[in-house]
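Heads up, the thing below is written out as structure tokens.
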Amino acid sequence: MTMKHSLIEWDEGWNSIQKRMNKLNRVIEGLSETPFDAEDFMMLYTTIYNMCTQPPPHDYCQQLYDKYKETIEQHITLKGLPSLAEKHEEFMLQEFVKSWERHKVRVRRMSHCFFFLARHFIPSRSLTNLEEVGLNCFRELNLRARVAAFSLIDREREGERIDRGLLKNVMGIIVEIGTEKMDAYKEDIEAHLLKSTGEYYSCKASSWITEESYMDYMVKAELCLRRERNIVSHYLHSSSEKKLVEKVEHELFEPLANAFKQKVSLEVKALVQQAKDDASSNQDFNGAYGMQEHVLVRNILELHTKYLAFFSDCLIKNYIFHRALRDAFDLFWNGPVAGSLGAELLAAFCDNLLKNDGNEKLSDEAAEDTLEKVAKLVSYMRPKDLFIEFYKKRLIPRLLFDRSSNLEHEKSFVTNLKQKLGGTFLTSRIDKMVEDMTWTQDNKTSFSEYLHSNPNVNPGLDFTVTVLTTGLWPSYKPFNLNLPAEMKNCVEAFEGFYETKTKCRKLNWINSLGTCYINSNFESKTIELVVSSCQAALLLLFSDADRLSYSEIFTQLNLDHDDLVQTLYSLSYGKYKILLKEPNTKNISPNDSFEFNSKFTGRMKRIKIPHLPLYETKEVIKEVEKDRRYAIDAAITRIMKKQKVLDLQQLFVECVEKLGHIFKPDIKTLKQRIENLIDRDYLERDKVNHNIFKYLV
């Protein structure tokens with residue numbers, strides 16, 4: 001049996017529905033004395049059902065769906081918003097939580113009454129479901145609650161005690177109202193909180209920067225960071241901690257870092273300017289490293305150490321400040337300073353500390369401490385490769401000519417550099433150079449034992465041999481030198497010993513690097529001359545002759561003309577004139593003759609005859625630029641092999657990221673290397689957009 005109902009007109013039906021929904025709202029608000037019972041529910045449900053199932057044009061599904069939304073919106077507008085507007089901050093949030101609980105009940109009960117719409121009409125029209133419509137309506141209250149919640153957070157930042165449980169509850173509601181929980185959290189809470197936090201701390205920074213000392217500012221900043229982490233732990237999602245901390249660091253530390261950079265930059269500038277003034281006032285200054293340069297580097301070092309300690313004391317080890325500190329010293333690195341590059345001065349400073357005739361004598365502990373400071377300063381340098389190259393050029397004569405005061409200090413400093421620079425290829429070569437010296441020291445005893453157990457091997461002189469690994473050291477020009485008999489005996493003795501150590505390696509003697517100590521009998525006294533192997537071989541010729549022509553010397557030594565001229569020049573026209581030339585002109589020619597200067601005299605018992613310089617600054621810079629080209633080529637190739645296609649700007653950013661810890665490549669050099677790689681068929685330019693490059697397999 002089917003029961004038929006009379007046709008319900010819209011006004012009649014909606015008035016009936018509205019009457020019962022008003023009762024439902026009063027019950028939910030706690031304003032009704034009579035409950036919304038089963039009879040009320042059935043009457044409301046039945047009326048809605050009948051109005052939805054009537055034949056057209058009296059099926060009111062769409063109108064009822066619209067009225068459902070309108071009813072909830074009106075209630076929020078007429079009841080929800082005014083109830084929040086009457087209260088402030090904490091009390092308003094308490095009302096917000098109550099409103100949300102009532103709203104959830106209202107939406108649930110109304111959705112049951114409008115069940116026919118949810119079951120049949122909404123799916124057929126792909127409309128938003130009733131629960132979601134209810135949530136969307138309540139979102140209008142979100143903004144007010146969010147503003148109040150952030151205001152409460154700011155009060156806690158000022159030191160007030162707040163109801164953290166309430167705040168956590170509010171945050172949970174805002175997330176619950178969202179369509180996707182984490183998306184809602186990020187969009188409705190996190191994004192706005194980060195903006196609010198930025199504004200709060202930007203205001204604080206503007207005030208503190210003018211009112212507080214650096215130390216007090218840093219202490220306050222540290223307390224703020226701790227407080228923000230505490231905020232996250234109590235009523236925010238853990239994923240917000242990193243973003244919130246970074247926002248606080250950015251707002252608090254950026255202005256202080258800029259002020260800090262300016263302050264340190266001025267101090268660096270003053271030190272550099274003082275060095276320039278001293279150099280210009282010193283008429284004897286010739287660009288060489290001297291005491292005033294040593295003082296400059298020492299002051300730069302102490303300045304850098306002071307501000308590093310400042311960070312440590314404040315418990316702040318923030319990359320923003322470290323970047324500011326690095327930028328502040330750019331004036332020193334970019335030079336020229338006192339006639340030299342900053343990297344070269346720092347390398348010379350290390351050389352002065354580590355060589356045995358340096359002008360600053362420190363205890364072992366003080367030397368280690370100073371070198372530790374140098375390593376830290378190097379880690380802040382932009383042109384790290386330039387310093388390493390200058391350092392290597394200074395290291396070589398210390399190691400080869402026995403000028404190092406302490407090999408343990410050399411090893412310790414290289415180890416320190418490896419730790420600070422991450423053990424890059426920059427330090428691998430100098431590390432192995434020092435290892436060669438360690439091998440030499442370790443085998444001195446073995447060689448002595450070899451000579452003792454082989455009495456037939458008698459070199460006749462005290463000597464040591466430094467064995468260098470091919471490929472690690474610079475390629476030195478081999479000298480075709482006829483060694484004196486005394487030196488030949490030494491060479492043969494060591495070769496015999498070396499064969500007992502290894503059968504797989506061959507010794508190639510580099511006579512240009514040898515050092516000899518010769519007792520020279522002058523008329524006034526005997527003086528010990530410290531000379532190179534070539535200089536020694538030449539001087540020994542005068543043991544049996546007072547005077548020799550150029551051609552006689554040339555024949556006996558078998559040196560090339562240029563090498564012989566350099567050697568003769570160092571003994572005839574240098575600071576110490578051990579030989580006299582005839583005729584007495586500035587140039588050396590095959591027609592000249594030489595004699596031993598027996599009347600030479602000097603105040604010291606030992607005189608070191610200068611060698612030719614092992615390097616020039618321009619040569620070092622050229623070598624570094626060459627190495628950089630190789631490094632850029634390798635970086636571009638690795639990046640493009642992985643990415644396949646990149647535009648110029650993206651490629652430049654990735655190259656800087658890869659090479660920035662060693663040096664910062666410039667865009668001009670990058671373009672040149674790209675063109676070179678295109679010519680070598682590693683890359684090709686896009687035919688349409690010439691700023692896009694493709695990797696060729």
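If you're wondering about the labels, chains in the structure tokens are A, B, ... by order shown, residues count from 1 in each chain, ligands from 1 in order shown.
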Within 10 Å of Gln63 of chain A, counting only C-alpha atoms, which residues qualify if same-chain residues fewer than 5 places away don't, as a PyMOL selection string?
chain A and resi 10+14+51-52+68
Export of the given selection (N, CA, C and O atoms) as an mmCIF file, in the first residue's frame:
```
data_model
loop_
_atom_site.group_PDB
_atom_site.id
_atom_site.type_symbol
_atom_site.label_atom_id
_atom_site.label_comp_id
_atom_site.auth_asym_id
_atom_site.auth_seq_id
_atom_site.Cartn_x
_atom_site.Cartn_y
_atom_site.Cartn_z
ATOM 1 N N TRP A 10 6.189 25.614 -2.094
ATOM 2 C CA TRP A 10 7.487 26.004 -1.526
ATOM 3 C C TRP A 10 7.357 26.789 -0.228
ATOM 4 O O TRP A 10 7.987 26.456 0.780
ATOM 5 N N TRP A 14 8.793 25.392 3.210
ATOM 6 C CA TRP A 14 9.994 26.008 3.796
ATOM 7 C C TRP A 14 9.696 26.625 5.159
ATOM 8 O O TRP A 14 10.525 26.555 6.075
ATOM 9 N N MET A 51 9.252 17.165 -0.295
ATOM 10 C CA MET A 51 9.500 18.296 -1.197
ATOM 11 C C MET A 51 10.533 17.946 -2.269
ATOM 12 O O MET A 51 10.555 18.542 -3.347
ATOM 13 N N CYS A 52 11.388 16.977 -1.960
ATOM 14 C CA CYS A 52 12.406 16.570 -2.936
ATOM 15 C C CYS A 52 11.884 15.546 -3.933
ATOM 16 O O CYS A 52 12.431 15.404 -5.031
ATOM 17 N N TYR A 68 19.881 25.216 2.681
ATOM 18 C CA TYR A 68 20.713 24.581 3.708
ATOM 19 C C TYR A 68 21.962 25.438 3.958
ATOM 20 O O TYR A 68 22.306 25.766 5.102
#
```
Quick check for you: according to DSSP on this backbone, which residues of segment 531-646 of chain A are classed as helix (DSSP H, G or I)? Reply as a PyMOL selection string.
chain A and resi 533-543+550-557+561-572+617-643
Hey, what's within 12 Å of segment 664-680 of chain A if we count only C-alpha atoms and toss same-chain stuff fewer than 3 positions away? As an MDAnalysis selection string, please?
chainID A and resid 381:386 625:637 640 646:661 683:686 690:696
Would you pick out the contacts of segment 589-592 of chain A at 7 Å or less, using only C-alpha atoms, so that residues sharing its chain but fewer than 6 positions from it are not included, and give the list as number ranges by chain?
A: 549-551, 581-583
Output the selection as a compact mmCIF listing (two decimals), in the first residue's frame - all heavy atoms for each residue.
```txt
# COMPACT_ATOMS: atom_id res chain seq x y z
N SER A 549 138.48 30.63 -17.83
CA SER A 549 137.70 31.33 -18.85
C SER A 549 136.28 30.75 -18.88
O SER A 549 136.02 29.66 -18.37
CB SER A 549 138.35 31.17 -20.22
OG SER A 549 138.29 29.81 -20.63
N TYR A 550 135.42 31.50 -19.51
CA TYR A 550 134.03 31.04 -19.64
C TYR A 550 134.00 29.69 -20.36
O TYR A 550 133.28 28.77 -19.94
CB TYR A 550 133.19 32.07 -20.42
CG TYR A 550 131.79 31.60 -20.73
CD1 TYR A 550 130.74 31.84 -19.84
CD2 TYR A 550 131.51 30.90 -21.90
CE1 TYR A 550 129.47 31.39 -20.11
CE2 TYR A 550 130.23 30.44 -22.18
CZ TYR A 550 129.22 30.69 -21.28
OH TYR A 550 127.95 30.24 -21.55
N SER A 551 134.78 29.58 -21.45
CA SER A 551 134.76 28.34 -22.24
C SER A 551 135.27 27.16 -21.43
O SER A 551 134.76 26.03 -21.55
CB SER A 551 135.58 28.51 -23.52
OG SER A 551 136.91 28.86 -23.21
N LYS A 581 134.85 39.07 -12.30
CA LYS A 581 134.76 38.85 -13.74
C LYS A 581 135.63 39.86 -14.47
O LYS A 581 135.73 41.02 -14.08
CB LYS A 581 133.30 39.00 -14.19
CG LYS A 581 133.08 38.64 -15.67
CD LYS A 581 131.63 38.76 -16.05
CE LYS A 581 131.27 40.18 -16.44
NZ LYS A 581 131.86 40.61 -17.71
N GLU A 582 136.22 39.39 -15.53
CA GLU A 582 137.03 40.24 -16.39
C GLU A 582 136.53 40.09 -17.83
O GLU A 582 136.46 38.96 -18.35
CB GLU A 582 138.50 39.81 -16.31
CG GLU A 582 139.45 40.64 -17.14
CD GLU A 582 139.56 42.09 -16.66
OE1 GLU A 582 139.46 42.33 -15.45
OE2 GLU A 582 139.75 42.95 -17.52
N PRO A 583 136.09 41.15 -18.49
CA PRO A 583 136.03 42.54 -18.04
C PRO A 583 134.87 42.75 -17.06
O PRO A 583 133.91 41.98 -17.03
CB PRO A 583 135.82 43.32 -19.32
CG PRO A 583 135.07 42.37 -20.21
CD PRO A 583 135.61 41.01 -19.89
```
Compile the contact shell of segment 164-175 of chain A as a list in words: residues with an atom at most 9 Å away, counting only C-alpha atoms, same-chain residues fewer than 5 positions apart removed.
Glu90, Leu93, Gln94, Phe96, Val97, Trp100, Arg139, Asn142, Ala145, Arg146, Ala149, Leu152, Ile153, Glu180, Lys181, Met182, Asp183, Ala184, Tyr185, Lys186, Asp188, Ile189, His234, Tyr235 and Leu236 of chain A
Dump as a CSV table (one decimal), in the first residue's frame, selection limited to N, CA, C and O atoms:
```csv
chain,number,residue,atom,x,y,z
A,90,GLU,N,41.9,36.0,24.3
A,90,GLU,CA,41.7,34.8,25.0
A,90,GLU,C,40.2,34.4,25.1
A,90,GLU,O,39.8,33.3,24.9
A,93,LEU,N,38.8,33.5,21.8
A,93,LEU,CA,39.1,32.1,21.4
A,93,LEU,C,38.3,31.1,22.2
A,93,LEU,O,38.0,30.0,21.6
A,94,GLN,N,38.0,31.3,23.4
A,94,GLN,CA,37.2,30.4,24.2
A,94,GLN,C,35.8,30.3,23.5
A,94,GLN,O,35.3,29.2,23.4
A,96,PHE,N,35.2,30.9,20.4
A,96,PHE,CA,35.4,30.3,19.1
A,96,PHE,C,35.4,28.8,19.2
A,96,PHE,O,34.8,28.1,18.4
A,97,VAL,N,36.0,28.2,20.3
A,97,VAL,CA,36.0,26.8,20.5
A,97,VAL,C,34.6,26.3,20.8
A,97,VAL,O,34.1,25.3,20.2
A,100,TRP,N,32.5,26.3,17.6
A,100,TRP,CA,32.9,25.2,16.7
A,100,TRP,C,32.2,23.9,17.2
A,100,TRP,O,31.7,23.2,16.4
A,139,ARG,N,34.4,28.7,8.0
A,139,ARG,CA,35.8,29.2,7.8
A,139,ARG,C,35.8,30.7,7.9
A,139,ARG,O,36.9,31.3,8.0
A,142,ASN,N,37.4,31.7,10.9
A,142,ASN,CA,38.8,31.4,11.0
A,142,ASN,C,39.7,32.6,11.1
A,142,ASN,O,40.7,32.6,11.9
A,145,ALA,N,39.7,34.2,14.5
A,145,ALA,CA,40.4,33.3,15.4
A,145,ALA,C,41.9,33.3,15.2
A,145,ALA,O,42.7,33.3,16.2
A,146,ARG,N,42.3,33.3,14.0
A,146,ARG,CA,43.7,33.2,13.7
A,146,ARG,C,44.4,34.5,14.2
A,146,ARG,O,45.5,34.5,14.8
A,149,ALA,N,44.7,34.3,17.8
A,149,ALA,CA,45.7,33.3,18.3
A,149,ALA,C,47.1,33.9,18.1
A,149,ALA,O,47.9,33.7,19.0
A,152,LEU,N,47.8,36.2,20.8
A,152,LEU,CA,48.1,35.5,22.0
A,152,LEU,C,49.6,35.0,22.0
A,152,LEU,O,50.3,35.1,23.1
A,153,ILE,N,50.0,34.5,20.9
A,153,ILE,CA,51.4,34.1,20.7
A,153,ILE,C,52.4,35.3,21.0
A,153,ILE,O,53.4,35.1,21.7
A,180,GLU,N,42.3,19.5,3.3
A,180,GLU,CA,43.3,18.5,3.6
A,180,GLU,C,44.1,19.0,4.8
A,180,GLU,O,44.5,20.1,4.9
A,181,LYS,N,44.2,18.2,5.9
A,181,LYS,CA,44.7,18.7,7.1
A,181,LYS,C,46.1,19.4,7.1
A,181,LYS,O,46.2,20.5,7.5
A,182,MET,N,47.1,18.8,6.4
A,182,MET,CA,48.4,19.4,6.4
A,182,MET,C,48.4,20.6,5.5
A,182,MET,O,49.0,21.7,5.7
A,183,ASP,N,47.6,20.5,4.4
A,183,ASP,CA,47.5,21.7,3.5
A,183,ASP,C,46.8,22.9,4.2
A,183,ASP,O,47.3,24.0,4.1
A,184,ALA,N,45.8,22.6,5.0
A,184,ALA,CA,45.1,23.6,5.8
A,184,ALA,C,46.0,24.2,6.8
A,184,ALA,O,46.1,25.4,7.0
A,185,TYR,N,46.8,23.3,7.4
A,185,TYR,CA,47.8,23.8,8.4
A,185,TYR,C,48.8,24.8,7.8
A,185,TYR,O,49.1,25.8,8.3
A,186,LYS,N,49.3,24.3,6.7
A,186,LYS,CA,50.4,25.2,6.0
A,186,LYS,C,49.8,26.5,5.5
A,186,LYS,O,50.4,27.5,5.6
A,188,ASP,N,46.6,27.9,6.3
A,188,ASP,CA,45.8,28.7,7.2
A,188,ASP,C,46.5,29.1,8.5
A,188,ASP,O,46.1,30.1,9.2
A,189,ILE,N,47.5,28.3,8.9
A,189,ILE,CA,48.3,28.6,10.1
A,189,ILE,C,49.7,29.0,9.8
A,189,ILE,O,50.2,30.1,10.1
A,234,HIS,N,54.6,23.1,21.8
A,234,HIS,CA,53.4,23.1,22.6
A,234,HIS,C,52.1,23.2,21.8
A,234,HIS,O,51.1,22.6,22.1
A,235,TYR,N,52.2,23.9,20.7
A,235,TYR,CA,50.9,24.0,19.9
A,235,TYR,C,51.1,24.2,18.4
A,235,TYR,O,50.2,24.6,17.7
A,236,LEU,N,52.2,23.8,17.9
A,236,LEU,CA,52.4,23.8,16.4
A,236,LEU,C,52.9,22.4,16.0
A,236,LEU,O,53.4,21.6,16.8
```
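Atom CA of Phe321 of chain A to atom CA of Cys203 of chain A spans 20.0 Å [interatomic distance, one decimal].
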Counting only C-alpha atoms, which residues of segment 72-138 of chain A fall within 8 Å of segment 25-28 of chain A, and what is the closest atom pair for each with its distance in Å at one decimal, ordered by chain and rising number, as a tab-separated table?
```
residue	atom	partner	partner_atom	distance
A:Arg102	CA	A:Ile28	CA	6.3
A:Val105	CA	A:Ile28	CA	7.4
A:Arg106	CA	A:Ile28	CA	7.0
```
As a PDB file with all heavy atoms, in the first residue's frame, please: the residues near segment 388-398 of chain A (cut-off 6 Å, only C-alpha atoms, same-chain neighbours under 4 positions excluded).
```
ATOM      1  N   GLU A 344      98.581  36.014  -0.812  1.00  0.00           N
ATOM      2  CA  GLU A 344     100.037  35.891  -0.842  1.00  0.00           C
ATOM      3  C   GLU A 344     100.651  36.325   0.488  1.00  0.00           C
ATOM      4  O   GLU A 344     101.587  35.689   0.991  1.00  0.00           O
ATOM      5  CB  GLU A 344     100.602  36.733  -1.982  1.00  0.00           C
ATOM      6  CG  GLU A 344     102.097  36.588  -2.162  1.00  0.00           C
ATOM      7  CD  GLU A 344     102.636  37.385  -3.335  1.00  0.00           C
ATOM      8  OE1 GLU A 344     101.874  38.199  -3.904  1.00  0.00           O
ATOM      9  OE2 GLU A 344     103.812  37.188  -3.682  1.00  0.00           O
ATOM     10  N   ALA A 347     100.144  33.570   3.028  1.00  0.00           N
ATOM     11  CA  ALA A 347     101.086  32.471   2.781  1.00  0.00           C
ATOM     12  C   ALA A 347     102.490  32.851   3.258  1.00  0.00           C
ATOM     13  O   ALA A 347     103.212  32.026   3.827  1.00  0.00           O
ATOM     14  CB  ALA A 347     101.104  32.118   1.294  1.00  0.00           C
ATOM     15  N   ASP A 402     115.823  22.567   3.447  1.00  0.00           N
ATOM     16  CA  ASP A 402     115.979  22.340   4.889  1.00  0.00           C
ATOM     17  C   ASP A 402     115.793  23.629   5.677  1.00  0.00           C
ATOM     18  O   ASP A 402     116.525  23.925   6.619  1.00  0.00           O
ATOM     19  CB  ASP A 402     117.355  21.727   5.181  1.00  0.00           C
ATOM     20  CG  ASP A 402     117.403  21.091   6.561  1.00  0.00           C
ATOM     21  OD1 ASP A 402     116.333  20.703   7.066  1.00  0.00           O
ATOM     22  OD2 ASP A 402     118.497  20.994   7.137  1.00  0.00           O
ATOM     23  N   ARG A 403     114.783  24.401   5.284  1.00  0.00           N
ATOM     24  CA  ARG A 403     114.534  25.672   5.957  1.00  0.00           C
ATOM     25  C   ARG A 403     113.377  25.583   6.952  1.00  0.00           C
ATOM     26  O   ARG A 403     113.078  26.558   7.641  1.00  0.00           O
ATOM     27  CB  ARG A 403     114.212  26.759   4.931  1.00  0.00           C
ATOM     28  CG  ARG A 403     115.371  27.097   4.010  1.00  0.00           C
ATOM     29  CD  ARG A 403     114.952  28.152   3.005  1.00  0.00           C
ATOM     30  NE  ARG A 403     115.987  28.372   2.007  1.00  0.00           N
ATOM     31  CZ  ARG A 403     115.791  29.075   0.885  1.00  0.00           C
ATOM     32  NH1 ARG A 403     114.594  29.611   0.646  1.00  0.00           N
ATOM     33  NH2 ARG A 403     116.768  29.237   0.014  1.00  0.00           N
ATOM     34  N   SER A 404     112.698  24.453   7.008  1.00  0.00           N
ATOM     35  CA  SER A 404     111.565  24.316   7.914  1.00  0.00           C
ATOM     36  C   SER A 404     112.059  24.157   9.349  1.00  0.00           C
ATOM     37  O   SER A 404     112.950  23.347   9.622  1.00  0.00           O
ATOM     38  CB  SER A 404     110.707  23.113   7.524  1.00  0.00           C
ATOM     39  OG  SER A 404     109.611  22.979   8.392  1.00  0.00           O
TER      40      SER A 404
END
```
Nearest residue to Ala348 of chain A from the set A:Asn258, A:Thr617, A:Ser428, A:Thr466 (distances using only C-alpha atoms)
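Of A:Asn258, A:Thr617, A:Ser428, A:Thr466, the one nearest Ala348 of chain A is A:Thr617, counting only C-alpha atoms.
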Give the strand (DSSP E or B) residues of segment 350-554 of chain A, as DSSP finds them on the backbone, and put them as an NGL selection string.
:A and (355 or 404 or 515-521 or 526-532 or 547-549)
Rounded to one decimal place, report the atom CA of Glu140 of chain A-atom CA of Lys243 of chain A distance in Å.
26.8 Å
